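Have a look at the structure below before the remarks.
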Amino acid sequence: MSNDKKLSEVEAIKQNSDGLRGTIQESLQNEITGSISEDDQALIKFHGMYQQDDRDLRAERAEKKLERLYTFMIRLRLPGGFLKPEQWEAAHNIAGEHSTGVIKITTRQTIQLHGLVKSKIKPAIHQFDEAQLDSIATCGDINRNVLCSAHPGQSAIHAQVFAYADKISTLLLPKTNAYYEIWLDEEKIADKKDEDDPLYQDRYLPRKFKIAIAIPPNNDIDVFTNDIGLIAIIENDKLKGFNIAVGGGLGTTHGNTATYPRLGTVIGFIDSEEKTFKTVYEILTIQRDYGNRSDRKNARLKYTLDKYGIDWFKEELEKRTGFPLDVARPYVLNERKDYYGWQKNHEGLWYYTVFVENGRVLDNEIVALKTAFLEIARTRKANFRFTGNQNVIISDIKEANKIVIQELLDKYHVIAHTENASAIRKNAMACVAFNTCPLALAEGQRYLPQLISKIEVLLSKYALEQEEIVIRMTGCPNGCARPFAAEIGFVGTAYGRYNMYLGGDNQGLRLNSIYKENLDEATILKELDTLFNIYRQQKNEGESFGDFTHKYLNN
Ligand code: SRM
Ligand code: SF4
């Protein structure tokens, strides 16, 4: 099974953690430092938190011989990305009371709060718990937040498919009670047998694990970039089952050729709820038993799959589930975008998709997103849904209530903001990067908006403003805004420098490839100027930029 090379350090930390408890309690009580012990930093990830520090202040604090300004980021578990209005209000209040105040919608349909100092974590989790929200297993070597195509208006059976996200998330939760004991002061379980975890055992998975469910024709959640992608097969408005794709993942490391992005491979079809859960579960057990536990850079399911082969994998899966997979059914995924503005579903409910640039919910001089969302939540007349493109759908609004929501969206300039944003801006995503991400080599969400403004000028020079080109930027090659599945990907190499990737399609079905390395802004703009000019002159009718560059660069 797993190879017998020296295990990575994290393996011992997990195994010796007493069910993910470690010394987190002691670390929290230690008032001498704002940090927690290194082992506990690995363990709190499984509870949905990361220790970070303000990287803008590192040098200044080091000069003053001060400890780094340690804070924590907390990420909620929201399968399919859904919050009731009272839950949004709670998140808003918790953000204001304990964090930087900015609510960040992530590329995996959930929210993150940044900047919680150590003493604020427990109060925040208590308040989330009162709102029936938790952060269990949103990070760590375990199944993460399960995604599902976001827009209920896109299919009459959205609710039925959406329910799978919740059920799969619950099925794959760890059995340990540590979260409740540490953060919510529950009594320690006396009988450890209650915590036996047949799925995760004592070392959990070799690496993070991600699952997403797509409802064709929209691939808004980038189904093929997940360890498991489920593609809903719908015939005559009935859910027939799911095609299963395995082995997607985007994280790479500069200079390490053993790492690469990979899109999932469709291995078959399953037709019942029971079989779906069994299949998903057993894919995790295969990865648990065969994934690489020595080299964390090579530990995702994509590498296990490429090491052992698809045929072996299918055979092993069928052995474990006890039933064969059927032949994959036909499906069409031909878009990946959010449906901005008003949309109505088959039951007459209304949805307004708001453009939230890079998922940052805050008030600024142009738009008061945060205030608008709070006031909408207070009406209790709409739910909140998050998209895999970092946007918010104000959702499930009855006809009679639409006017109230419309007035609030107008009052705080949300509609104008959404309508006025250019096509290129609305299709762009950036990861967090500075100032909180410890792995960032370059800026992400703080820089992309400015770069887009300059790219908009180039597009209008060539009358290409209407082109829905997908640009994605990350501050490092881990791929958090899925840049390798973009038409234009920018991946940070050093401060102010990016590798440029071209030739991905705009449905998320083809990866891009590297075009130029280490570009600064001036060179990026020069390259794009040339490419847009050629595209304008040589593109075929309706040909997307990604398809054009793919063809152009491979000729
Ligand atoms: Fe990510 C690590 C932020 C989606 C691949 N990601 C991180 C950390 C936690 C840095 C760290 O390990 O200390 C970043 C925290 C930054 C911060 O300050 O908040 C971080 N990742 C994010 C988010 C918030 C980006 C965003 O702006 O929305 C996304 C949170 C998703 C969520 O709600 O769970 C986020 N990360 C992704 C995605 C996209 C996806 O899953 O659809 C990917 C690429 C897909 C994949 O997993 O292959 C991704 N993040 C990574 C990796 C590389 C994993 C790998 O296989 O090599 C790391 C680094 C690691 O795990 O060692 C990472
Ligand atoms: Fe941080 Fe890199 Fe992820 Fe951006 S892509 S959030 S820089 S880990």
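We label chains A, B, ... in the order they appear in the structure tokens, count residues from 1 in each chain, and number ligands from 1 in the order shown.
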
Every residue of range 237-349 of chain A that DSSP places in helix (DSSP H, G or I), as a PyMOL selection string: chain A and resi 273-290+296-298+301-308+310-321

DSSP says strand (DSSP E or B) for which residues of range 329-492 of chain A? Put them as a ChimeraX atom specification? /A:335,341-344,350-354,360-361,363,368,383-386,392-397,429-430,471-474,488-492

Can I get the residues close to ligand 1 as a list in words, where close means within 6 Å and we count only C-alpha atoms and all ligand atoms? Thr106, Thr107, Arg108, Gln109, Thr110, Thr138, Asn145, Thr225, Gly249, Leu250, Gly251, Thr252, Arg300, Ala430, Cys431, Val432, Ala433, Thr436, Cys437, Pro438, Leu439, Asn478, Gly479, Cys480, Ala481 and Arg482 of chain A

Wanna dump the range 122-217 of chain A-range 493-517 of chain A contacts at 12 Å for me, each residue with its shortest atom pair and the distance in Å to one decimal, counting only C-alpha atoms, ordered by chain and number, as CSV?
residue,atom,partner,partner_atom,distance
A:Ala214,CA,A:Gly508,CA,11.6
A:Pro216,CA,A:Gln507,CA,11.0
A:Pro217,CA,A:Gln507,CA,9.6

Env of range 208-213 of chain A: 8 Å cut, atoms = only C-alpha atoms, seq-sep filter 4 positions within chain, self excluded. Answer as a ChimeraX atom specification. /A:139-149,161,165,221-223,226-232,300-301

Which residue gives the smallest distance to ligand 2 among A:Ile405, A:Ala440, A:Leu525, A:Ala423, with only C-alpha atoms and all ligand atoms counted?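 Nearest to ligand 2: A:Ala440.
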
So what do you get for CA of Lys104 in chain A versus CA of Val361 in chain A, distance-wise?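 Separating CA of Lys104 in chain A from CA of Val361 in chain A is a distance of 6.1 Å.
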
Which residues, written as a PyMOL selection string, have at least one atom at most 8 Å from Thr100 in chain A, with only C-alpha atoms counted and residues fewer than 4 positions away on the same chain left out? chain A and resi 95-96+113-116

Just the selected residues (N, CA, C and O atoms), exported as a PDB file, in the first residue's frame, please.
ATOM      1  N   ALA A  95     -17.577  38.875  12.119  1.00  0.00           N
ATOM      2  CA  ALA A  95     -16.466  39.503  11.374  1.00  0.00           C
ATOM      3  C   ALA A  95     -16.121  40.851  11.996  1.00  0.00           C
ATOM      4  O   ALA A  95     -14.947  41.181  12.191  1.00  0.00           O
ATOM      5  N   GLY A  96     -17.146  41.627  12.324  1.00  0.00           N
ATOM      6  CA  GLY A  96     -16.913  42.962  12.885  1.00  0.00           C
ATOM      7  C   GLY A  96     -16.302  42.901  14.274  1.00  0.00           C
ATOM      8  O   GLY A  96     -15.410  43.685  14.612  1.00  0.00           O
ATOM      9  N   LEU A 113     -12.852  34.423   7.460  1.00  0.00           N
ATOM     10  CA  LEU A 113     -12.561  35.648   8.195  1.00  0.00           C
ATOM     11  C   LEU A 113     -11.073  35.626   8.506  1.00  0.00           C
ATOM     12  O   LEU A 113     -10.530  34.581   8.888  1.00  0.00           O
ATOM     13  N   HIS A 114     -10.419  36.764   8.365  1.00  0.00           N
ATOM     14  CA  HIS A 114      -8.991  36.865   8.646  1.00  0.00           C
ATOM     15  C   HIS A 114      -8.750  37.740   9.877  1.00  0.00           C
ATOM     16  O   HIS A 114      -9.597  38.544  10.257  1.00  0.00           O
ATOM     17  N   GLY A 115      -7.564  37.578  10.440  1.00  0.00           N
ATOM     18  CA  GLY A 115      -7.102  38.536  11.448  1.00  0.00           C
ATOM     19  C   GLY A 115      -7.636  38.315  12.853  1.00  0.00           C
ATOM     20  O   GLY A 115      -7.630  39.247  13.659  1.00  0.00           O
ATOM     21  N   LEU A 116      -8.091  37.100  13.171  1.00  0.00           N
ATOM     22  CA  LEU A 116      -8.547  36.855  14.549  1.00  0.00           C
ATOM     23  C   LEU A 116      -7.322  36.612  15.433  1.00  0.00           C
ATOM     24  O   LEU A 116      -6.516  35.726  15.146  1.00  0.00           O
TER      25      LEU A 116
END

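Between CA of Glu89 in chain A and CA of Leu76 in chain A the interatomic distance comes to 14.5 Å.
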
What is the CA of Leu57 in chain A to atom 1 (Fe, counted along the ligand's line) of ligand 2 distance in Å?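 Distance reported for this atom pair: 17.1 Å.
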
Considering only C-alpha atoms, return as a count of residues only whatever protein or nucleic-acid residues lie within 10 Å of range 167-174 of chain A, sequence-local ones (same chain, fewer than 2 positions apart) excluded. 38
